[in-house]
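Asks: File entry_25.csv below, CSV, C-alpha atoms:
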```csv
chain,number,residue,atom,x,y,z
A,29,MET,CA,-10.0,3.7,-15.6
A,30,ILE,CA,-10.8,2.2,-12.2
A,31,ASP,CA,-8.1,1.5,-9.6
A,32,HIS,CA,-8.5,-1.1,-6.8
A,33,LEU,CA,-7.1,0.7,-3.7
A,34,TRP,CA,-7.5,-2.0,-1.0
A,35,THR,CA,-9.6,-4.9,0.3
A,36,ILE,CA,-9.9,-5.9,4.0
A,37,LEU,CA,-11.8,-8.8,5.6
A,38,CYS,CA,-13.2,-8.1,9.1
A,39,SER,CA,-15.7,-9.3,11.6
A,40,ARG,CA,-17.7,-6.1,11.3
A,41,CYS,CA,-17.4,-2.5,10.2
A,42,ILE,CA,-18.9,0.7,11.4
A,43,ILE,CA,-19.6,3.6,9.0
A,44,GLU,CA,-19.9,7.0,10.7
A,45,ALA,CA,-23.0,8.7,9.3
A,46,ASP,CA,-21.7,12.3,9.7
A,47,THR,CA,-18.2,11.8,8.2
A,48,ASN,CA,-18.6,8.6,6.1
A,49,SER,CA,-15.5,7.4,7.9
A,50,ILE,CA,-15.2,3.6,8.3
A,51,SER,CA,-13.9,1.6,11.3
A,52,LEU,CA,-12.9,-2.0,10.5
A,53,ILE,CA,-13.3,-4.2,13.6
A,54,GLU,CA,-11.4,-7.5,14.0
A,55,VAL,CA,-9.4,-7.6,10.8
A,56,LEU,CA,-9.1,-11.3,9.8
A,57,GLU,CA,-5.9,-12.9,8.6
A,58,ASN,CA,-6.1,-16.4,10.1
A,59,VAL,CA,-9.0,-18.0,11.9
A,60,THR,CA,-9.8,-21.3,13.7
A,61,VAL,CA,-13.3,-22.4,13.4
A,62,SER,CA,-15.3,-25.3,14.9
A,63,ALA,CA,-16.2,-27.8,12.1
A,64,GLY,CA,-18.5,-30.7,12.0
A,65,GLY,CA,-21.9,-31.8,10.8
A,66,GLN,CA,-23.4,-31.9,7.3
A,67,PRO,CA,-23.4,-29.9,5.1
A,68,ARG,CA,-19.9,-28.8,5.8
A,69,PHE,CA,-20.4,-25.1,6.1
A,70,PHE,CA,-19.5,-22.8,8.9
A,71,GLU,CA,-21.1,-19.5,10.0
A,72,ALA,CA,-18.7,-16.6,9.2
A,73,ASN,CA,-20.7,-13.4,9.4
A,74,TRP,CA,-17.8,-11.5,8.0
A,75,THR,CA,-17.6,-8.3,5.9
A,76,LEU,CA,-15.3,-7.9,2.9
A,77,VAL,CA,-14.6,-4.2,2.3
A,78,THR,CA,-13.2,-3.1,-1.0
A,79,HIS,CA,-12.2,0.5,-1.9
A,80,TRP,CA,-12.1,1.7,-5.5
A,81,ARG,CA,-10.9,5.0,-7.1
A,82,ARG,CA,-11.1,6.4,-10.6
A,83,GLN,CA,-7.9,7.5,-12.3
A,84,GLY,CA,-8.0,11.2,-13.0
A,85,GLU,CA,-10.4,13.4,-11.1
A,86,SER,CA,-12.3,14.4,-14.3
A,87,LEU,CA,-12.8,11.0,-15.8
A,88,PRO,CA,-16.1,9.4,-14.7
A,89,ASN,CA,-16.1,5.7,-15.0
A,90,ARG,CA,-18.2,2.6,-14.4
A,91,GLY,CA,-17.6,-1.1,-14.2
A,92,ARG,CA,-18.4,-4.3,-12.4
A,93,ALA,CA,-16.5,-6.1,-9.6
A,94,ARG,CA,-16.6,-9.8,-8.8
A,95,VAL,CA,-15.6,-11.5,-5.5
A,96,GLU,CA,-14.8,-15.2,-5.6
A,97,LEU,CA,-13.6,-17.5,-2.8
A,98,ILE,CA,-10.7,-19.8,-3.9
A,99,ALA,CA,-10.2,-22.9,-1.7
A,100,PRO,CA,-6.7,-24.2,-0.9
A,101,ASN,CA,-7.0,-26.7,-3.8
A,102,GLY,CA,-7.5,-23.8,-6.3
A,103,ASP,CA,-11.3,-24.4,-6.8
A,104,SER,CA,-13.8,-21.5,-6.8
A,105,VAL,CA,-16.3,-22.4,-4.1
A,106,GLY,CA,-19.7,-20.9,-2.9
A,107,PRO,CA,-21.7,-19.2,-1.6
A,108,ILE,CA,-20.0,-16.6,-3.8
A,109,PRO,CA,-19.1,-15.4,-6.4
A,110,VAL,CA,-20.8,-12.0,-5.8
A,111,GLU,CA,-20.9,-9.3,-8.5
A,112,TYR,CA,-21.7,-5.6,-7.9
A,113,GLU,CA,-21.6,-2.3,-9.8
A,114,ILE,CA,-18.8,0.2,-9.5
A,115,ASP,CA,-20.2,3.7,-10.3
A,116,LEU,CA,-17.6,6.4,-10.2
A,117,SER,CA,-19.6,8.8,-12.4
A,118,ASN,CA,-20.2,11.4,-9.7
A,119,THR,CA,-17.6,10.6,-7.1
A,120,GLU,CA,-13.8,9.9,-7.1
A,121,ARG,CA,-13.9,7.0,-4.7
A,122,MET,CA,-16.3,4.2,-3.7
A,123,ARG,CA,-16.4,1.5,-1.0
A,124,ALA,CA,-18.2,-1.8,-1.4
A,125,LEU,CA,-19.2,-4.0,1.4
A,126,VAL,CA,-19.9,-7.7,0.8
A,127,HIS,CA,-21.5,-9.6,3.7
A,128,ILE,CA,-20.3,-13.2,3.9
A,129,PRO,CA,-22.8,-15.2,6.1
A,130,PHE,CA,-21.2,-18.6,5.8
A,131,LEU,CA,-18.4,-20.4,4.0
A,132,PRO,CA,-17.7,-24.0,3.0
A,133,ASP,CA,-15.3,-26.3,4.8
A,134,CYS,CA,-12.8,-27.3,2.1
A,135,GLY,CA,-10.1,-28.3,4.5
A,136,ASN,CA,-7.4,-26.5,6.4
A,137,GLY,CA,-5.2,-24.1,4.4
A,138,LEU,CA,-4.9,-20.8,2.7
A,139,TYR,CA,-8.1,-19.5,1.1
A,140,ARG,CA,-8.2,-16.4,-1.1
A,141,PHE,CA,-10.8,-13.9,-1.9
A,142,ARG,CA,-10.1,-13.1,-5.6
A,143,ILE,CA,-11.3,-9.6,-6.6
A,144,SER,CA,-11.8,-9.0,-10.3
A,145,LEU,CA,-12.8,-6.0,-12.4
A,146,GLU,CA,-14.7,-5.7,-15.6
A,147,ALA,CA,-14.3,-2.1,-16.8
A,148,GLU,CA,-17.2,-0.5,-18.7
A,149,GLY,CA,-16.9,-1.4,-22.4
A,150,SER,CA,-14.4,-4.2,-21.7
A,151,PRO,CA,-15.5,-7.8,-22.5
A,152,THR,CA,-13.0,-9.3,-20.1
A,153,TRP,CA,-12.5,-9.7,-16.4
A,154,ARG,CA,-9.1,-8.6,-14.9
A,155,ASP,CA,-7.9,-9.9,-11.5
A,156,VAL,CA,-6.9,-7.0,-9.4
A,157,PHE,CA,-6.3,-8.5,-5.9
A,158,ASN,CA,-6.2,-11.7,-3.9
A,159,TYR,CA,-6.9,-11.4,-0.1
A,160,PRO,CA,-5.4,-14.4,1.7
A,161,ILE,CA,-6.9,-15.9,4.8
A,162,GLY,CA,-5.7,-19.0,6.7
A,163,ILE,CA,-8.5,-21.2,7.9
A,164,THR,CA,-8.0,-24.1,10.4
A,165,PHE,CA,-11.0,-26.3,11.1
A,166,GLN,CA,-11.2,-28.1,14.4
A,167,SER,CA,-13.7,-30.8,15.6
A,168,PRO,CA,-16.1,-29.4,18.2
A,169,ALA,CA,-14.6,-31.6,20.9
A,170,VAL,CA,-11.1,-30.1,20.3
A,171,ALA,CA,-12.5,-26.5,19.9
A,172,ASP,CA,-14.4,-26.7,23.2
A,173,GLY,CA,-11.6,-28.5,25.2
```
What does the file become when written as structure tokens?
Replies:
Amino acid sequence: MIDHLWTILCSRCIIEADTNSISLIEVLENVTVSAGGQPRFFEANWTLVTHWRRQGESLPNRGRARVELIAPNGDSVGPIPVEYEIDLSNTERMRALVHIPFLPDCGNGLYRFRISLEAEGSPTWRDVFNYPIGITFQSPAVADG
């Protein structure tokens, strides 16, 4: 079985080549962005880092993860969902980095990155985590002034 350990949204991350240690820079909880123009998207350039672990050291496991952005009104919105493989066949832990270049402007409020897991051999997705982020959109005149 696969366990979700944690998920963090940050402006960037640095992975040390020698130790494989990760530094998360500017962890995001609430942001204010300049909005305006069509289409109504804003440049994010964020990284969503998710850490997975297999239960039991001798139990290799595989699965798939899905990341969706849920708008304040409850709708799933693009440019994601993103899906990726989780392979814990030869290692006990795994980190996955999802780059988020831009996001839609669906109004001010609490957005959520919903993390779901589909374990190998299971036909269903199971929600394992919701990462909340408050987003406030300001017109460029207000943001600059």
Asks: Set the distance at 9 Å and use only C-alpha atoms: which residues neighbour region 106-115 of chain A once local chain neighbours fewer than 3 positions away are removed? I'd like the list as a list in words.
Replies: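 Selected residues are Ile30, Trp80, Pro88, Asn89, Arg90, Gly91, Arg92, Ala93, Arg94, Val95, Glu96, Leu97, Asn118, Thr119, Met122, Arg123, Ala124, Val126, Ile128, Pro129, Phe130, Leu131, Pro132 and Ala147 of chain A.
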Asks: Store the residues of this selection in a file with C-alpha atoms, as a PDB file, keeping the file's coordinate frame.
Replies:
```pdb
ATOM      1  CA  ILE A  30     -10.800   2.200 -12.200  1.00  0.00           C
ATOM      2  CA  TRP A  80     -12.100   1.700  -5.500  1.00  0.00           C
ATOM      3  CA  PRO A  88     -16.100   9.400 -14.700  1.00  0.00           C
ATOM      4  CA  ASN A  89     -16.100   5.700 -15.000  1.00  0.00           C
ATOM      5  CA  ARG A  90     -18.200   2.600 -14.400  1.00  0.00           C
ATOM      6  CA  GLY A  91     -17.600  -1.100 -14.200  1.00  0.00           C
ATOM      7  CA  ARG A  92     -18.400  -4.300 -12.400  1.00  0.00           C
ATOM      8  CA  ALA A  93     -16.500  -6.100  -9.600  1.00  0.00           C
ATOM      9  CA  ARG A  94     -16.600  -9.800  -8.800  1.00  0.00           C
ATOM     10  CA  VAL A  95     -15.600 -11.500  -5.500  1.00  0.00           C
ATOM     11  CA  GLU A  96     -14.800 -15.200  -5.600  1.00  0.00           C
ATOM     12  CA  LEU A  97     -13.600 -17.500  -2.800  1.00  0.00           C
ATOM     13  CA  ASN A 118     -20.200  11.400  -9.700  1.00  0.00           C
ATOM     14  CA  THR A 119     -17.600  10.600  -7.100  1.00  0.00           C
ATOM     15  CA  MET A 122     -16.300   4.200  -3.700  1.00  0.00           C
ATOM     16  CA  ARG A 123     -16.400   1.500  -1.000  1.00  0.00           C
ATOM     17  CA  ALA A 124     -18.200  -1.800  -1.400  1.00  0.00           C
ATOM     18  CA  VAL A 126     -19.900  -7.700   0.800  1.00  0.00           C
ATOM     19  CA  ILE A 128     -20.300 -13.200   3.900  1.00  0.00           C
ATOM     20  CA  PRO A 129     -22.800 -15.200   6.100  1.00  0.00           C
ATOM     21  CA  PHE A 130     -21.200 -18.600   5.800  1.00  0.00           C
ATOM     22  CA  LEU A 131     -18.400 -20.400   4.000  1.00  0.00           C
ATOM     23  CA  PRO A 132     -17.700 -24.000   3.000  1.00  0.00           C
ATOM     24  CA  ALA A 147     -14.300  -2.100 -16.800  1.00  0.00           C
TER      25      ALA A 147
END
```
Asks: Please compute the CA of Thr164 (chain A)-CA of Ser144 (chain A) distance, one decimal, in Å.
Replies: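 Spanning CA of Thr164 (chain A) to CA of Ser144 (chain A) is a straight-line distance of 25.9 Å.
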Asks: Could you check the closest approach to Phe141 (chain A) for each of A:Trp153, A:Thr35, A:Leu87, A:Glu44 and tell me which residue wins, using all atoms listed in the file?
Replies: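 The shortest atom-to-atom distance to Phe141 (chain A) comes from A:Thr35.
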Asks: List as a count of residues only the residues having at least one atom at most 12 Å from position (-2.5, -21.7, -1.2) as given in the file, counting all atoms listed in the file.
Replies: 20
Asks: Could you tell me how far CA of Val55 (chain A) lies from CA of Arg154 (chain A), in Å and to one decimal?
Replies: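 Between CA of Val55 (chain A) and CA of Arg154 (chain A) the gap is 25.7 Å.
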Asks: Please write as a PyMOL selection string the list of polymer residues whose atoms come within 7 Å of (-13.9, -5.8, 0.2), counting all atoms listed in the file and keeping to the coordinates of the file.
Replies: chain A and resi 35-37+76-79+124-126
Asks: Of the candidates A:Asp133, A:Asp31, A:Arg40, A:Ile143, which shows the shortest atom-to-atom distance to Asp155 (chain A), using only C-alpha atoms?
Replies: A:Ile143
Asks: Calculate how many Å separate CA of Leu116 (chain A) from CA of Met29 (chain A), rounding to one decimal.
Replies: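 Rounded to one decimal, the two atoms are 9.7 Å apart.
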Asks: With distances taken over all atoms listed in the file, which of A:Val61, A:Leu33, A:Leu56, A:Cys134 is nearest to Arg81 (chain A)?
Replies: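 Checking each candidate against Arg81 (chain A), we get A:Leu33 as the closest.
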Asks: To box region 99-115 of chain A, take all atoms listed in the file, fit an axis-aligned box, add 3 Å on each side, and give centre and edge lengths in Å to one decimal, as JSON.
Replies:
```
{"center_x": -14.2, "center_y": -11.5, "center_z": -5.6, "size_x": 21.0, "size_y": 36.4, "size_z": 15.4}
```
Asks: Pick from A:Thr60, A:Gln83, A:Ser150, A:Leu52: nearest to Cys38 (chain A), with all atoms listed in the file counted?
Replies: A:Leu52
Asks: Kindly reconstruct region 146-163 of chain A with N, CA and C atoms and present the result as a PDB file, in the frame of the given file.
Replies:
```
ATOM      1  N   GLU A 146     -14.297  -5.748 -14.231  1.00  0.00           N
ATOM      2  CA  GLU A 146     -14.700  -5.700 -15.600  1.00  0.00           C
ATOM      3  C   GLU A 146     -15.025  -4.198 -15.891  1.00  0.00           C
ATOM      4  N   ALA A 147     -14.126  -3.484 -16.548  1.00  0.00           N
ATOM      5  CA  ALA A 147     -14.300  -2.100 -16.800  1.00  0.00           C
ATOM      6  C   ALA A 147     -15.446  -1.909 -17.861  1.00  0.00           C
ATOM      7  N   GLU A 148     -16.167  -0.814 -17.775  1.00  0.00           N
ATOM      8  CA  GLU A 148     -17.200  -0.500 -18.700  1.00  0.00           C
ATOM      9  C   GLU A 148     -16.661  -0.554 -20.152  1.00  0.00           C
ATOM     10  N   GLY A 149     -17.311  -1.285 -21.028  1.00  0.00           N
ATOM     11  CA  GLY A 149     -16.900  -1.400 -22.400  1.00  0.00           C
ATOM     12  C   GLY A 149     -15.836  -2.475 -22.651  1.00  0.00           C
ATOM     13  N   SER A 150     -15.380  -3.129 -21.586  1.00  0.00           N
ATOM     14  CA  SER A 150     -14.400  -4.200 -21.700  1.00  0.00           C
ATOM     15  C   SER A 150     -15.124  -5.548 -21.642  1.00  0.00           C
ATOM     16  N   PRO A 151     -14.841  -6.478 -22.543  1.00  0.00           N
ATOM     17  CA  PRO A 151     -15.500  -7.800 -22.500  1.00  0.00           C
ATOM     18  C   PRO A 151     -14.839  -8.782 -21.562  1.00  0.00           C
ATOM     19  N   THR A 152     -13.740  -8.384 -20.918  1.00  0.00           N
ATOM     20  CA  THR A 152     -13.000  -9.300 -20.100  1.00  0.00           C
ATOM     21  C   THR A 152     -12.867  -8.896 -18.664  1.00  0.00           C
ATOM     22  N   TRP A 153     -12.746  -9.884 -17.786  1.00  0.00           N
ATOM     23  CA  TRP A 153     -12.500  -9.700 -16.400  1.00  0.00           C
ATOM     24  C   TRP A 153     -10.992  -9.645 -16.143  1.00  0.00           C
ATOM     25  N   ARG A 154     -10.536  -8.758 -15.261  1.00  0.00           N
ATOM     26  CA  ARG A 154      -9.100  -8.600 -14.900  1.00  0.00           C
ATOM     27  C   ARG A 154      -8.989  -8.807 -13.399  1.00  0.00           C
ATOM     28  N   ASP A 155      -8.168  -9.766 -12.949  1.00  0.00           N
ATOM     29  CA  ASP A 155      -7.900  -9.900 -11.500  1.00  0.00           C
ATOM     30  C   ASP A 155      -7.119  -8.747 -11.015  1.00  0.00           C
ATOM     31  N   VAL A 156      -7.599  -8.130  -9.909  1.00  0.00           N
ATOM     32  CA  VAL A 156      -6.900  -7.000  -9.400  1.00  0.00           C
ATOM     33  C   VAL A 156      -6.340  -7.184  -7.976  1.00  0.00           C
ATOM     34  N   PHE A 157      -6.823  -8.235  -7.255  1.00  0.00           N
ATOM     35  CA  PHE A 157      -6.300  -8.500  -5.900  1.00  0.00           C
ATOM     36  C   PHE A 157      -6.714  -9.842  -5.412  1.00  0.00           C
ATOM     37  N   ASN A 158      -5.872 -10.415  -4.567  1.00  0.00           N
ATOM     38  CA  ASN A 158      -6.200 -11.700  -3.900  1.00  0.00           C
ATOM     39  C   ASN A 158      -5.958 -11.427  -2.379  1.00  0.00           C
ATOM     40  N   TYR A 159      -7.018 -11.601  -1.583  1.00  0.00           N
ATOM     41  CA  TYR A 159      -6.900 -11.400  -0.100  1.00  0.00           C
ATOM     42  C   TYR A 159      -6.783 -12.792   0.500  1.00  0.00           C
ATOM     43  N   PRO A 160      -5.620 -13.104   1.095  1.00  0.00           N
ATOM     44  CA  PRO A 160      -5.400 -14.400   1.700  1.00  0.00           C
ATOM     45  C   PRO A 160      -5.946 -14.507   3.106  1.00  0.00           C
ATOM     46  N   ILE A 161      -6.526 -15.641   3.460  1.00  0.00           N
ATOM     47  CA  ILE A 161      -6.900 -15.900   4.800  1.00  0.00           C
ATOM     48  C   ILE A 161      -6.663 -17.366   5.157  1.00  0.00           C
ATOM     49  N   GLY A 162      -5.909 -17.613   6.211  1.00  0.00           N
ATOM     50  CA  GLY A 162      -5.700 -19.000   6.700  1.00  0.00           C
ATOM     51  C   GLY A 162      -6.824 -19.449   7.505  1.00  0.00           C
ATOM     52  N   ILE A 163      -7.378 -20.611   7.170  1.00  0.00           N
ATOM     53  CA  ILE A 163      -8.500 -21.200   7.900  1.00  0.00           C
ATOM     54  C   ILE A 163      -8.121 -22.557   8.419  1.00  0.00           C
TER      55      ILE A 163
END
```
